[in-house]
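See below for input-v9.cif, which holds mmCIF, C-alpha atoms.
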data_target
loop_
_atom_site.label_atom_id
_atom_site.label_comp_id
_atom_site.auth_asym_id
_atom_site.auth_seq_id
_atom_site.Cartn_x
_atom_site.Cartn_y
_atom_site.Cartn_z
CA MET A 1 123.45 84.87 147.28
CA GLN A 2 124.86 87.73 149.32
CA VAL A 3 125.05 91.19 147.77
CA THR A 4 127.06 94.10 149.15
CA GLU A 5 126.96 97.54 147.55
CA THR A 6 130.54 98.80 147.39
CA LEU A 7 130.00 101.97 145.36
CA SER A 8 127.14 104.36 144.77
CA ALA A 9 128.30 107.68 143.34
CA GLY A 10 126.28 109.58 140.78
CA LEU A 11 125.35 107.07 138.10
CA LYS A 12 128.04 104.57 139.11
CA ARG A 13 127.16 101.42 141.01
CA GLU A 14 129.33 98.51 142.09
CA TYR A 15 128.38 95.37 143.95
CA LYS A 16 130.16 92.38 145.43
CA VAL A 17 128.21 89.18 144.96
CA VAL A 18 128.93 85.96 146.87
CA VAL A 19 127.36 82.64 145.89
CA GLY A 20 127.84 80.11 148.66
CA GLN A 21 129.64 76.80 148.30
CA ALA A 22 126.48 74.93 149.26
CA GLU A 23 124.44 76.67 146.54
CA LEU A 24 127.01 75.84 143.91
CA ASN A 25 127.24 72.18 144.91
CA THR A 26 123.46 71.86 144.91
CA GLU A 27 123.35 73.27 141.37
CA LEU A 28 126.26 71.04 140.32
CA ASN A 29 124.52 67.91 141.63
CA ALA A 30 121.30 68.90 139.84
CA LYS A 31 123.24 69.34 136.60
CA LEU A 32 124.99 65.98 137.00
CA ALA A 33 121.70 64.26 137.83
CA ASP A 34 120.23 65.64 134.62
CA MET A 35 123.31 64.47 132.70
CA SER A 36 122.99 60.96 134.16
CA LYS A 37 119.58 60.54 132.53
CA ARG A 38 121.07 61.17 129.09
CA ALA A 39 124.63 59.88 129.47
CA ASN A 40 125.74 56.89 127.42
CA ILE A 41 129.02 55.61 128.92
CA LYS A 42 130.61 52.23 128.29
CA GLY A 43 130.00 49.84 131.18
CA PHE A 44 126.73 51.47 132.23
CA ARG A 45 123.21 51.13 130.97
CA PRO A 46 121.91 54.23 129.14
CA GLY A 47 120.44 56.65 131.65
CA LYS A 48 121.83 54.69 134.62
CA VAL A 49 125.26 56.27 135.04
CA PRO A 50 125.82 57.06 138.76
CA VAL A 51 126.09 60.75 139.58
CA ALA A 52 129.23 60.04 141.62
CA HIS A 53 130.94 58.58 138.55
CA LEU A 54 129.94 61.55 136.40
CA LYS A 55 131.25 63.87 139.08
CA ARG A 56 134.66 62.16 139.04
CA VAL A 57 134.85 62.28 135.23
CA TYR A 58 133.07 65.51 134.34
CA GLY A 59 132.88 67.36 137.66
CA ARG A 60 135.20 70.25 136.85
CA SER A 61 133.82 70.90 133.36
CA ALA A 62 130.26 70.72 134.71
CA MET A 63 131.24 73.10 137.53
CA ALA A 64 132.60 75.55 134.97
CA GLU A 65 129.15 75.63 133.34
CA VAL A 66 127.50 76.00 136.75
CA LEU A 67 129.72 78.97 137.60
CA GLN A 68 128.98 80.70 134.28
CA ASP A 69 125.27 80.18 134.82
CA ALA A 70 125.60 81.38 138.41
CA VAL A 71 127.23 84.63 137.31
CA ASP A 72 124.61 85.20 134.58
CA THR A 73 121.54 84.44 136.71
CA ARG A 74 122.76 86.29 139.84
CA SER A 75 123.74 89.35 137.81
CA LYS A 76 120.30 89.44 136.21
CA LYS A 77 118.61 88.87 139.57
CA LEU A 78 120.62 91.68 141.17
CA LEU A 79 119.53 94.13 138.47
CA GLU A 80 115.90 93.10 138.91
CA GLU A 81 115.95 93.27 142.72
CA LYS A 82 117.68 96.66 142.78
CA ASN A 83 115.49 97.90 139.89
CA LEU A 84 118.58 99.01 138.00
CA LYS A 85 118.56 100.07 134.35
CA PRO A 86 122.16 99.76 133.14
CA ALA A 87 123.35 102.19 130.49
CA TYR A 88 125.47 99.40 128.95
CA GLN A 89 126.39 95.76 129.60
CA PRO A 90 127.60 95.61 133.23
CA GLU A 91 131.25 94.72 133.79
CA VAL A 92 131.70 91.51 135.75
CA LYS A 93 135.07 90.68 137.31
CA LEU A 94 135.77 87.15 138.51
CA PRO A 95 138.45 86.20 141.06
CA THR A 96 142.02 85.97 139.74
CA ASP A 97 143.66 84.21 142.68
CA GLU A 98 144.52 80.68 141.51
CA ALA A 99 144.01 79.06 144.92
CA GLU A 100 140.58 80.67 145.26
CA ILE A 101 139.60 79.58 141.74
CA ALA A 102 140.78 76.00 142.39
CA ALA A 103 138.74 75.84 145.60
CA VAL A 104 135.61 77.02 143.80
CA MET A 105 136.13 74.55 140.93
CA ASP A 106 136.54 71.71 143.42
CA GLY A 107 133.31 72.67 145.19
CA LYS A 108 135.16 73.70 148.33
CA GLY A 109 134.82 77.47 148.18
CA ASP A 110 132.35 80.31 147.68
CA LEU A 111 132.19 82.13 144.33
CA SER A 112 132.66 85.88 144.66
CA PHE A 113 132.57 88.40 141.84
CA THR A 114 132.04 92.11 141.37
CA MET A 115 129.63 93.84 139.02
CA ALA A 116 130.18 97.46 138.01
CA LEU A 117 127.87 99.60 135.91
CA GLU A 118 126.43 103.02 135.29
CA VAL A 119 122.68 103.42 135.40
CA ILE A 120 120.55 105.37 132.95
CA PRO A 121 120.00 108.84 134.44
CA ASP A 122 116.56 109.60 135.78
CA PHE A 123 114.88 112.61 134.21
CA ASP A 124 111.36 113.70 133.38
CA VAL A 125 110.20 113.91 129.78
CA LYS A 126 108.83 117.37 129.15
CA ASP A 127 105.75 118.32 127.18
CA HIS A 128 106.87 119.34 123.71
CA SER A 129 103.45 119.78 122.18
CA GLY A 130 103.20 123.21 120.60
CA LEU A 131 106.91 123.36 119.84
CA GLU A 132 107.37 126.03 117.15
CA LEU A 133 109.24 124.82 114.08
CA THR A 134 109.86 126.00 110.53
CA LEU A 135 109.77 123.68 107.54
CA HIS A 136 111.98 125.14 104.84
CA VAL A 137 110.68 124.12 101.42
CA VAL A 138 112.07 124.59 97.92
CA GLU A 139 109.78 124.73 94.92
CA VAL A 140 111.06 122.88 91.86
CA GLY A 141 111.41 125.39 89.03
CA GLU A 142 111.84 124.86 85.31
CA ASP A 143 115.46 126.00 85.53
CA GLN A 144 116.23 123.23 88.02
CA ILE A 145 114.61 120.65 85.75
CA ASP A 146 116.66 122.00 82.82
CA GLU A 147 119.86 121.85 84.89
CA THR A 148 119.20 118.22 85.84
CA LEU A 149 118.39 117.26 82.25
CA LYS A 150 121.64 118.85 81.06
CA ARG A 151 123.54 116.83 83.64
CA ILE A 152 121.84 113.64 82.47
CA ALA A 153 122.56 114.54 78.85
CA SER A 154 126.24 115.15 79.64
CA GLN A 155 126.44 111.61 80.96
CA SER A 156 124.88 110.29 77.76
CA LYS A 157 126.95 112.27 75.27
CA ASN A 158 128.11 110.77 71.99
CA PHE A 159 131.66 110.77 70.65
CA ASP A 160 132.77 111.18 67.03
CA GLU A 161 136.26 110.83 65.64
CA LYS A 162 138.03 114.17 65.31
CA LEU A 163 141.21 115.60 63.86
CA GLY A 164 143.68 117.85 65.62
CA GLY A 165 144.85 117.62 69.21
CA ALA A 166 143.00 116.24 72.23
CA GLU A 167 141.21 118.68 74.53
CA LYS A 168 139.47 118.33 77.88
CA GLY A 169 136.19 116.50 77.36
CA ASP A 170 137.54 114.53 74.39
CA ARG A 171 137.86 110.76 74.54
CA VAL A 172 141.08 108.99 73.61
CA THR A 173 141.65 105.28 73.15
CA ILE A 174 145.13 104.33 74.35
CA ASN A 175 147.57 101.47 74.81
CA PHE A 176 150.15 101.89 77.55
CA VAL A 177 153.00 100.16 79.37
CA GLY A 178 153.89 101.49 82.81
CA THR A 179 157.36 101.18 84.30
CA ILE A 180 159.05 102.10 87.56
CA ASP A 181 162.83 102.47 87.39
CA GLY A 182 162.62 100.94 83.91
CA ASN A 183 160.78 97.82 85.06
CA ALA A 184 157.18 97.03 84.11
CA PHE A 185 154.86 96.43 87.08
CA ASP A 186 151.70 94.39 87.57
CA GLY A 187 148.57 96.22 86.41
CA GLY A 188 150.54 98.86 84.56
CA THR A 189 149.93 97.55 81.03
CA ALA A 190 146.68 97.68 79.02
CA ASP A 191 145.37 98.02 75.46
CA ASP A 192 142.33 99.71 73.95
CA VAL A 193 141.48 101.75 77.04
CA ALA A 194 138.88 104.47 76.47
CA LEU A 195 139.63 107.54 78.58
CA GLU A 196 137.72 110.81 78.73
CA ILE A 197 140.25 113.56 79.38
CA GLY A 198 139.34 115.49 82.52
CA SER A 199 137.25 112.69 84.01
CA GLY A 200 139.79 112.01 86.75
CA GLN A 201 139.76 108.26 86.11
CA PHE A 202 143.54 107.95 86.01
CA ILE A 203 146.37 108.99 88.33
CA PRO A 204 146.51 112.79 88.86
CA GLY A 205 148.51 114.37 86.03
CA PHE A 206 148.10 111.47 83.58
CA GLU A 207 145.17 112.87 81.62
CA ASP A 208 146.60 116.39 81.44
CA GLN A 209 149.68 115.12 79.62
CA LEU A 210 147.48 113.75 76.82
CA ILE A 211 146.09 117.19 75.97
CA GLY A 212 147.25 118.12 72.48
CA ALA A 213 147.97 114.53 71.45
CA LYS A 214 146.69 113.31 68.08
CA ALA A 215 145.63 109.86 66.92
CA GLY A 216 148.79 107.85 66.26
CA ASP A 217 150.98 109.88 68.66
CA ASP A 218 153.29 108.29 71.24
CA VAL A 219 153.35 110.12 74.57
CA ALA A 220 155.69 109.48 77.50
CA VAL A 221 153.49 110.20 80.51
CA LYS A 222 155.43 110.80 83.71
CA VAL A 223 153.47 110.78 86.98
CA SER A 224 153.82 109.78 90.61
CA PHE A 225 151.40 107.48 92.39
CA PRO A 226 149.61 109.18 95.31
CA ALA A 227 151.06 108.49 98.76
CA ASP A 228 147.76 106.87 99.81
CA TYR A 229 147.44 104.73 96.67
CA GLY A 230 145.65 101.43 97.28
CA VAL A 231 148.61 99.27 96.20
CA ALA A 232 151.32 99.72 98.83
CA GLU A 233 154.12 98.67 96.44
CA LEU A 234 153.26 101.59 94.13
CA ALA A 235 152.23 104.27 96.64
CA GLY A 236 154.30 107.43 96.31
CA LYS A 237 156.55 106.08 93.54
CA PRO A 238 157.32 107.91 90.25
CA ALA A 239 156.31 106.00 87.12
CA GLU A 240 156.49 106.44 83.36
CA PHE A 241 153.81 105.22 80.96
CA ALA A 242 154.74 104.66 77.30
CA THR A 243 151.37 105.62 75.82
CA LYS A 244 150.07 105.14 72.27
CA VAL A 245 146.99 107.17 71.23
CA THR A 246 145.09 104.94 68.80
CA LYS A 247 141.92 106.98 68.48
CA LEU A 248 140.72 110.51 69.26
CA GLU A 249 137.06 111.43 69.55
CA GLY A 250 135.28 114.67 70.31
CA ALA A 251 132.22 114.85 72.54
CA LYS A 252 128.84 115.77 71.18
CA GLU A 253 126.19 116.74 73.69
CA ALA A 254 122.97 114.78 73.40
CA GLU A 255 119.98 116.77 72.09
CA ILE A 256 117.33 117.04 74.82
CA ASP A 257 114.18 116.19 72.88
CA ASP A 258 111.55 113.46 72.50
CA ALA A 259 114.12 111.15 70.89
CA PHE A 260 116.42 111.59 73.87
CA ALA A 261 113.52 110.90 76.26
CA LYS A 262 112.65 107.70 74.39
CA LYS A 263 116.27 106.63 74.56
CA MET A 264 116.00 107.06 78.33
CA GLY A 265 112.89 104.85 78.37
CA PHE A 266 110.15 107.51 78.49
CA GLU A 267 107.19 108.17 76.19
CA ASP A 268 108.28 111.70 75.39
CA LEU A 269 110.17 114.68 76.80
CA ALA A 270 107.16 115.82 78.86
CA LYS A 271 107.09 112.49 80.73
CA LEU A 272 110.84 112.70 81.33
CA ARG A 273 110.51 116.23 82.70
CA ASP A 274 107.71 115.10 85.06
CA THR A 275 109.92 112.30 86.38
CA VAL A 276 112.87 114.65 86.83
CA LYS A 277 110.63 117.12 88.67
CA GLN A 278 109.51 114.40 91.09
CA SER A 279 113.10 113.25 91.62
CA VAL A 280 114.41 116.74 92.28
CA GLY A 281 111.44 117.44 94.52
CA GLY A 282 112.28 114.31 96.49
CA GLU A 283 115.86 115.50 96.98
CA PHE A 284 114.64 118.88 98.21
CA ALA A 285 112.12 117.21 100.54
CA GLN A 286 114.90 115.09 102.00
CA MET A 287 116.99 118.18 102.71
CA SER A 288 113.95 119.90 104.25
CA ALA A 289 113.31 116.91 106.50
CA MET A 290 116.98 116.82 107.52
CA LYS A 291 116.90 120.49 108.47
CA LEU A 292 113.61 120.06 110.39
CA LYS A 293 114.97 117.06 112.29
CA ARG A 294 118.05 118.96 113.31
CA ASP A 295 115.93 121.86 114.49
CA VAL A 296 113.97 119.42 116.66
CA LEU A 297 117.18 118.01 118.11
CA ASP A 298 118.52 121.50 118.76
CA ALA A 299 115.32 122.33 120.65
CA LEU A 300 115.57 119.15 122.74
CA ASP A 301 119.24 119.77 123.47
CA LYS A 302 118.38 123.13 125.01
CA GLU A 303 115.64 121.62 127.18
CA TYR A 304 117.59 118.84 128.91
CA SER A 305 120.63 118.81 131.14
CA PHE A 306 121.54 115.83 133.33
CA GLU A 307 124.51 113.67 134.30
CA LEU A 308 125.64 111.31 131.54
CA PRO A 309 127.09 107.81 131.81
CA GLU A 310 130.84 108.31 131.39
CA LYS A 311 131.44 105.10 129.45
CA LEU A 312 128.74 105.94 126.90
CA VAL A 313 130.28 109.37 126.33
CA GLU A 314 133.75 107.87 126.09
CA ALA A 315 132.64 105.26 123.56
CA GLU A 316 130.87 107.91 121.44
CA PHE A 317 133.86 110.24 121.62
CA ASN A 318 136.27 107.46 120.61
CA GLY A 319 134.12 106.64 117.59
CA ILE A 320 134.09 110.29 116.47
CA TRP A 321 137.78 110.82 117.19
CA ASN A 322 138.91 107.66 115.40
CA ALA A 323 136.90 108.64 112.31
CA LEU A 324 138.38 112.15 112.41
CA SER A 325 141.93 110.86 112.89
CA GLY A 326 141.53 108.44 109.98
CA GLU A 327 140.24 111.18 107.69
CA MET A 328 143.07 113.54 108.66
CA THR A 329 145.64 110.81 108.00
CA ARG A 330 144.15 110.10 104.57
CA SER A 331 144.04 113.77 103.62
CA GLY A 332 147.43 114.60 105.14
CA LYS A 333 145.93 117.50 107.12
CA THR A 334 146.89 118.66 110.60
CA PHE A 335 144.98 120.48 113.32
CA ALA A 336 146.98 123.62 112.45
CA ASP A 337 145.62 123.37 108.90
CA GLU A 338 142.14 123.50 110.40
CA GLY A 339 143.02 126.55 112.50
CA THR A 340 142.87 124.70 115.83
CA THR A 341 144.87 122.48 118.18
CA GLU A 342 144.40 118.87 119.16
CA GLU A 343 143.42 119.97 122.68
CA GLU A 344 140.73 122.32 121.35
CA ALA A 345 139.51 119.70 118.88
CA ARG A 346 139.20 117.09 121.63
CA LYS A 347 137.19 119.52 123.72
CA GLU A 348 134.90 120.31 120.78
CA TYR A 349 134.29 116.69 119.82
CA ARG A 350 133.74 115.60 123.42
CA ALA A 351 130.95 118.18 123.60
CA ILE A 352 129.51 116.64 120.42
CA ALA A 353 129.75 113.17 121.98
CA GLU A 354 127.94 114.42 125.10
CA ARG A 355 125.20 115.95 122.97
CA ARG A 356 124.69 112.72 121.04
CA VAL A 357 124.51 110.61 124.20
CA ARG A 358 122.13 113.08 125.86
CA LEU A 359 119.82 113.22 122.85
CA GLY A 360 119.97 109.43 122.49
CA LEU A 361 118.78 109.02 126.09
CA VAL A 362 116.07 111.68 125.67
CA LEU A 363 114.74 110.17 122.44
CA GLY A 364 114.88 106.69 123.97
CA ARG A 365 112.85 107.77 127.00
CA MET A 366 110.37 109.67 124.84
CA GLY A 367 109.96 106.72 122.49
CA GLU A 368 109.41 104.39 125.42
CA LYS A 369 106.79 106.72 126.86
CA GLN A 370 105.03 107.04 123.48
CA GLY A 371 105.16 103.30 122.83
CA VAL A 372 107.26 103.68 119.68
CA ILE A 373 108.27 100.36 118.17
CA VAL A 374 110.28 99.38 115.11
CA SER A 375 108.51 96.63 113.20
CA GLU A 376 110.20 93.61 111.67
CA GLN A 377 109.14 94.87 108.24
CA GLU A 378 110.84 98.22 108.85
CA LEU A 379 114.03 96.42 109.84
CA GLN A 380 113.86 94.25 106.74
CA ASN A 381 113.37 97.34 104.56
CA ALA A 382 116.43 98.92 106.15
CA LEU A 383 118.40 95.74 105.54
CA MET A 384 117.33 95.69 101.88
CA SER A 385 118.40 99.31 101.54
CA ARG A 386 121.81 98.47 103.00
CA MET A 387 122.17 95.50 100.64
CA ARG A 388 121.59 97.74 97.62
CA GLN A 389 124.68 99.70 98.64
CA PHE A 390 126.81 96.59 98.03
CA PRO A 391 125.79 95.12 94.65
CA GLY A 392 127.07 91.59 94.19
CA GLN A 393 127.71 91.17 97.93
CA GLU A 394 124.12 90.83 99.09
CA LYS A 395 124.59 87.44 100.78
CA MET A 396 127.61 88.68 102.71
CA VAL A 397 125.60 91.68 103.96
CA ILE A 398 122.66 89.51 105.04
CA ASP A 399 124.94 87.04 106.85
CA TYR A 400 126.71 89.88 108.64
CA TYR A 401 123.53 91.39 110.03
CA ARG A 402 121.92 88.06 110.88
CA ASN A 403 125.00 86.94 112.78
CA ASN A 404 125.57 90.24 114.61
CA PRO A 405 122.70 91.38 116.86
CA GLY A 406 124.60 94.60 117.54
CA ALA A 407 124.64 95.40 113.83
CA MET A 408 120.88 94.92 113.65
CA MET A 409 120.56 97.38 116.53
CA GLU A 410 122.49 99.90 114.43
CA LEU A 411 119.82 99.52 111.74
CA ARG A 412 117.04 99.87 114.30
CA GLY A 413 118.42 103.02 115.96
CA PRO A 414 117.92 105.54 113.13
CA ILE A 415 114.41 104.19 112.41
CA PHE A 416 113.41 104.49 116.08
CA GLU A 417 114.92 107.96 116.30
CA GLN A 418 113.10 109.20 113.20
CA LYS A 419 109.77 107.86 114.46
CA VAL A 420 110.19 109.74 117.74
CA VAL A 421 111.12 112.92 115.87
CA ASP A 422 108.08 112.47 113.61
CA ALA A 423 105.88 112.15 116.70
CA ILE A 424 107.28 115.42 118.06
CA VAL A 425 106.75 117.18 114.72
CA SER A 426 103.16 115.91 114.51
CA GLY A 427 102.35 117.70 117.75
CA ALA A 428 104.34 120.84 116.98
CA LYS A 429 103.32 124.10 115.38
CA VAL A 430 105.06 123.95 112.00
CA ASP A 431 105.18 126.96 109.68
CA GLU A 432 106.36 126.60 106.09
CA LYS A 433 108.90 128.97 104.62
CA THR A 434 109.85 128.94 100.95
CA VAL A 435 113.59 129.25 100.34
CA THR A 436 115.90 128.74 97.40
CA LYS A 437 117.84 125.55 96.81
CA ASP A 438 121.11 127.35 97.61
CA GLU A 439 119.71 128.75 100.86
CA LEU A 440 118.53 125.33 102.04
CA GLN A 441 121.77 123.69 101.01
CA LYS A 442 123.74 126.26 102.96
CA MET A 443 121.60 125.68 106.07
CA VAL A 444 122.26 121.94 105.92
CA GLU A 445 125.98 122.36 105.13
CA ASP A 446 126.48 124.90 107.92
CA GLU A 447 124.96 122.49 110.42
CA ASP A 448 127.18 119.69 109.09
CA GLU A 449 130.21 121.87 109.71
CA ASP A 450 129.01 122.64 113.24
CA GLU A 451 128.61 118.89 113.84
CA VAL A 452 125.04 119.16 115.04
CA ALA A 453 124.35 115.63 113.85
CA SER A 454 121.70 113.46 115.40
CA ALA A 455 122.26 111.23 118.38
#

Written as C-alpha cells, how would this file's structure read?
Amino acid sequence: MQVTETLSAGLKREYKVVVGQAELNTELNAKLADMSKRANIKGFRPGKVPVAHLKRVYGRSAMAEVLQDAVDTRSKKLLEEKNLKPAYQPEVKLPTDEAEIAAVMDGKGDLSFTMALEVIPDFDVKDHSGLELTLHVVEVGEDQIDETLKRIASQSKNFDEKLGGAEKGDRVTINFVGTIDGNAFDGGTADDVALEIGSGQFIPGFEDQLIGAKAGDDVAVKVSFPADYGVAELAGKPAEFATKVTKLEGAKEAEIDDAFAKKMGFEDLAKLRDTVKQSVGGEFAQMSAMKLKRDVLDALDKEYSFELPEKLVEAEFNGIWNALSGEMTRSGKTFADEGTTEEEARKEYRAIAERRVRLGLVLGRMGEKQGVIVSEQELQNALMSRMRQFPGQEKMVIDYYRNNPGAMMELRGPIFEQKVVDAIVSGAKVDEKTVTKDELQKMVEDEDEDEVASA
C-alpha cells in the first residue's frame, strides 16, 4: 500500500491510497483457495474444486469482495498509522473511469482511492474544579399543592343534566353529519359524541357555535378546516355540520376531600397531598437541574475556543434549520413576523450549531479523560423510557433501535453528557438560592428563547 498526503489544511486531511495489482491478486487467490475448500460444484468432489476453475466462474465477484475489504482495511490502517482521530466517517472516493475499473476487476491494474476527513481538534482540558455555580431551588408551598389538586379535580369533574343554554365548560352529547358543497364526506358523521365546550377537541369555531344551544336543538355549524389539517382532501375547505344536541350537562367540580382522595386510590387526603408535594417537588428539581446544567455549559463555552470540523457544524446547522423551517411552515410564520431576516436567522443559528459542536467535543474529551462510561443498563433504561412515549408501539420502537446503531448512539449521547456535567458539578462550589416557581420558570424559558441548549 502506498499512501500520499494530498491535503493538510487546518483540520482537513486527504490521502491518495494505492493498493498494488500484486497485492490484490494475492488476496484474491487466498480468497479463492479458501472457497475451494468449501465449494460444492457438480463434476468436482467436495472441497476439491480447482482454484483456476473458481477464478473463471467467480473471479470477478470474488474480486469485488477483495476490493471492498481492501478499501476497508487500508483505510483503517491509514488512520492507525497516522494516528488520526476522524470527527466523522471518512469519505472514500473510488475511481470512476470505466477502463481503470475494468482493469482492476480483471486483476490487471492497481486500485487507487482517496480518503478525505476532518480530524478532531486538539485542545487541552482545563481544570474546572472550584467552578462557582448557583443551584436555584423552589420550595413546595401549600398554595402550589392546592393549585395542583384543583387541576386534578378539574379533570375529574362530574356532569349533571341541566336546563337552559349551553355554556363554556358544559358537556353536550351530539349527533352530526358533515358536508362539503352539500356532499357528506368520510369521517364527518357520528352519533352520541360527548363534547365539553371549550375543550378544543373539535375544529376551531365548532364548539363556540354550540354555546346557547339546548337539549333537542338543531344547530347548523359552519366552519373551515385548518389549512394544515391532517387529511389533505379536507384541509382549508369550508364545511357545514348538521348537528343535533341530544343532551346538555353542566359541570360540577369534584370536592377535594378524603372521599376524593380515595377515589384517586389514596388512603386519605393527607396521603394524596404528600404525593402531590413529592410530584411537584420533582418537577421543580428537574427545572433546577436544567438551569444548573445550562450554567455549566455556559461556563464551558466561555473557556474554550478552537477550530471546528466544518462538516460537523454543517450537519448540526442543517438539523436546526430544517426543524425551524418545518415549524415556520406549520405555523404560517415568516422571518419578518419574528422581527428578523433569513440572513440574520441563519447567522444566529449557525452560531448555535457551532456552540453545540464545540461543547460536544469538550464534553467528549472531558468524559474520555474522566473515564465516563454509559452502562448497558443505563441504555436499556433510556430505551424503556422511549418506549413509554409510544404506547401500543413498543415492539416497533425496540426493533428500530436494535436495527439502527446510530439511533442507539442518540440515546447514549444525553446520558454521557449528563454524567460529565454531574462530574463537573460534584467538583464545583455550588451555592443554593431559593427562588419562586415563576422566577425559575422564567430563567429556563429565557434560556430556551436564547437557544442555549446543550450540545

Shortest interatomic distance to Gln377 of chain A - which of A:Ile415, A:Ala254, A:Gly392, A:Ala299, counting all atoms listed in the file:
A:Ile415

Give me, as a count of residues only, all polymer residues having an atom no more than 9 Å from segment 132-139 of chain A, counting only C-alpha atoms and skipping those fewer than 3 positions away in the same chain.
23

Between atom CA of Glu23 of chain A and atom CA of Ser8 of chain A, distance in Å (one decimal):
27.9 Å

Take the PyMOL selection byres ((chain A and resi 336-350) around 12), run it mentally on this structure, and tell me the resulting residues as number ranges by chain.
A: 310, 312-325, 328, 331-335, 351-357, 450-453

Can you work out the spacing between atom CA of Val172 of chain A and atom CA of Ile152 of chain A in Å, to one decimal?
21.7 Å

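Using all atoms listed in the file, the nearest neighbour of Gly236 of chain A within the list A:Ala251, A:Val223, A:Ala213, A:Val125 is A:Val223.
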
Provide segment 91-104 of chain A rebuilt to N, CA and C atoms, formatted as a PDB file, in the frame of the given file.
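Result file is selection_31.pdb:
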ATOM      1  N   GLU A  91     129.939  95.366 133.786  1.00  0.00           N
ATOM      2  CA  GLU A  91     131.250  94.720 133.790  1.00  0.00           C
ATOM      3  C   GLU A  91     131.350  93.782 134.979  1.00  0.00           C
ATOM      4  N   VAL A  92     131.591  92.526 134.697  1.00  0.00           N
ATOM      5  CA  VAL A  92     131.700  91.510 135.750  1.00  0.00           C
ATOM      6  C   VAL A  92     133.157  91.084 135.855  1.00  0.00           C
ATOM      7  N   LYS A  93     133.689  91.116 137.076  1.00  0.00           N
ATOM      8  CA  LYS A  93     135.070  90.680 137.310  1.00  0.00           C
ATOM      9  C   LYS A  93     135.060  89.470 138.227  1.00  0.00           C
ATOM     10  N   LEU A  94     135.675  88.390 137.752  1.00  0.00           N
ATOM     11  CA  LEU A  94     135.770  87.150 138.510  1.00  0.00           C
ATOM     12  C   LEU A  94     137.093  87.130 139.281  1.00  0.00           C
ATOM     13  N   PRO A  95     137.200  86.272 140.287  1.00  0.00           N
ATOM     14  CA  PRO A  95     138.450  86.200 141.060  1.00  0.00           C
ATOM     15  C   PRO A  95     139.630  85.799 140.171  1.00  0.00           C
ATOM     16  N   THR A  96     140.811  86.291 140.512  1.00  0.00           N
ATOM     17  CA  THR A  96     142.020  85.970 139.740  1.00  0.00           C
ATOM     18  C   THR A  96     142.997  85.123 140.545  1.00  0.00           C
ATOM     19  N   ASP A  97     142.774  85.013 141.844  1.00  0.00           N
ATOM     20  CA  ASP A  97     143.660  84.210 142.680  1.00  0.00           C
ATOM     21  C   ASP A  97     143.498  82.732 142.335  1.00  0.00           C
ATOM     22  N   GLU A  98     144.582  82.072 141.970  1.00  0.00           N
ATOM     23  CA  GLU A  98     144.520  80.680 141.510  1.00  0.00           C
ATOM     24  C   GLU A  98     144.015  79.733 142.582  1.00  0.00           C
ATOM     25  N   ALA A  99     144.445  79.939 143.824  1.00  0.00           N
ATOM     26  CA  ALA A  99     144.010  79.060 144.920  1.00  0.00           C
ATOM     27  C   ALA A  99     142.506  79.197 145.137  1.00  0.00           C
ATOM     28  N   GLU A 100     142.020  80.430 145.082  1.00  0.00           N
ATOM     29  CA  GLU A 100     140.580  80.670 145.260  1.00  0.00           C
ATOM     30  C   GLU A 100     139.787  80.025 144.128  1.00  0.00           C
ATOM     31  N   ILE A 101     140.287  80.171 142.896  1.00  0.00           N
ATOM     32  CA  ILE A 101     139.600  79.580 141.740  1.00  0.00           C
ATOM     33  C   ILE A 101     139.569  78.059 141.857  1.00  0.00           C
ATOM     34  N   ALA A 102     140.703  77.464 142.256  1.00  0.00           N
ATOM     35  CA  ALA A 102     140.780  76.000 142.390  1.00  0.00           C
ATOM     36  C   ALA A 102     139.787  75.500 143.429  1.00  0.00           C
ATOM     37  N   ALA A 103     139.664  76.258 144.545  1.00  0.00           N
ATOM     38  CA  ALA A 103     138.740  75.840 145.600  1.00  0.00           C
ATOM     39  C   ALA A 103     137.299  75.870 145.104  1.00  0.00           C
ATOM     40  N   VAL A 104     136.965  76.908 144.345  1.00  0.00           N
ATOM     41  CA  VAL A 104     135.610  77.020 143.800  1.00  0.00           C
ATOM     42  C   VAL A 104     135.339  75.892 142.810  1.00  0.00           C
TER      43      VAL A 104
END
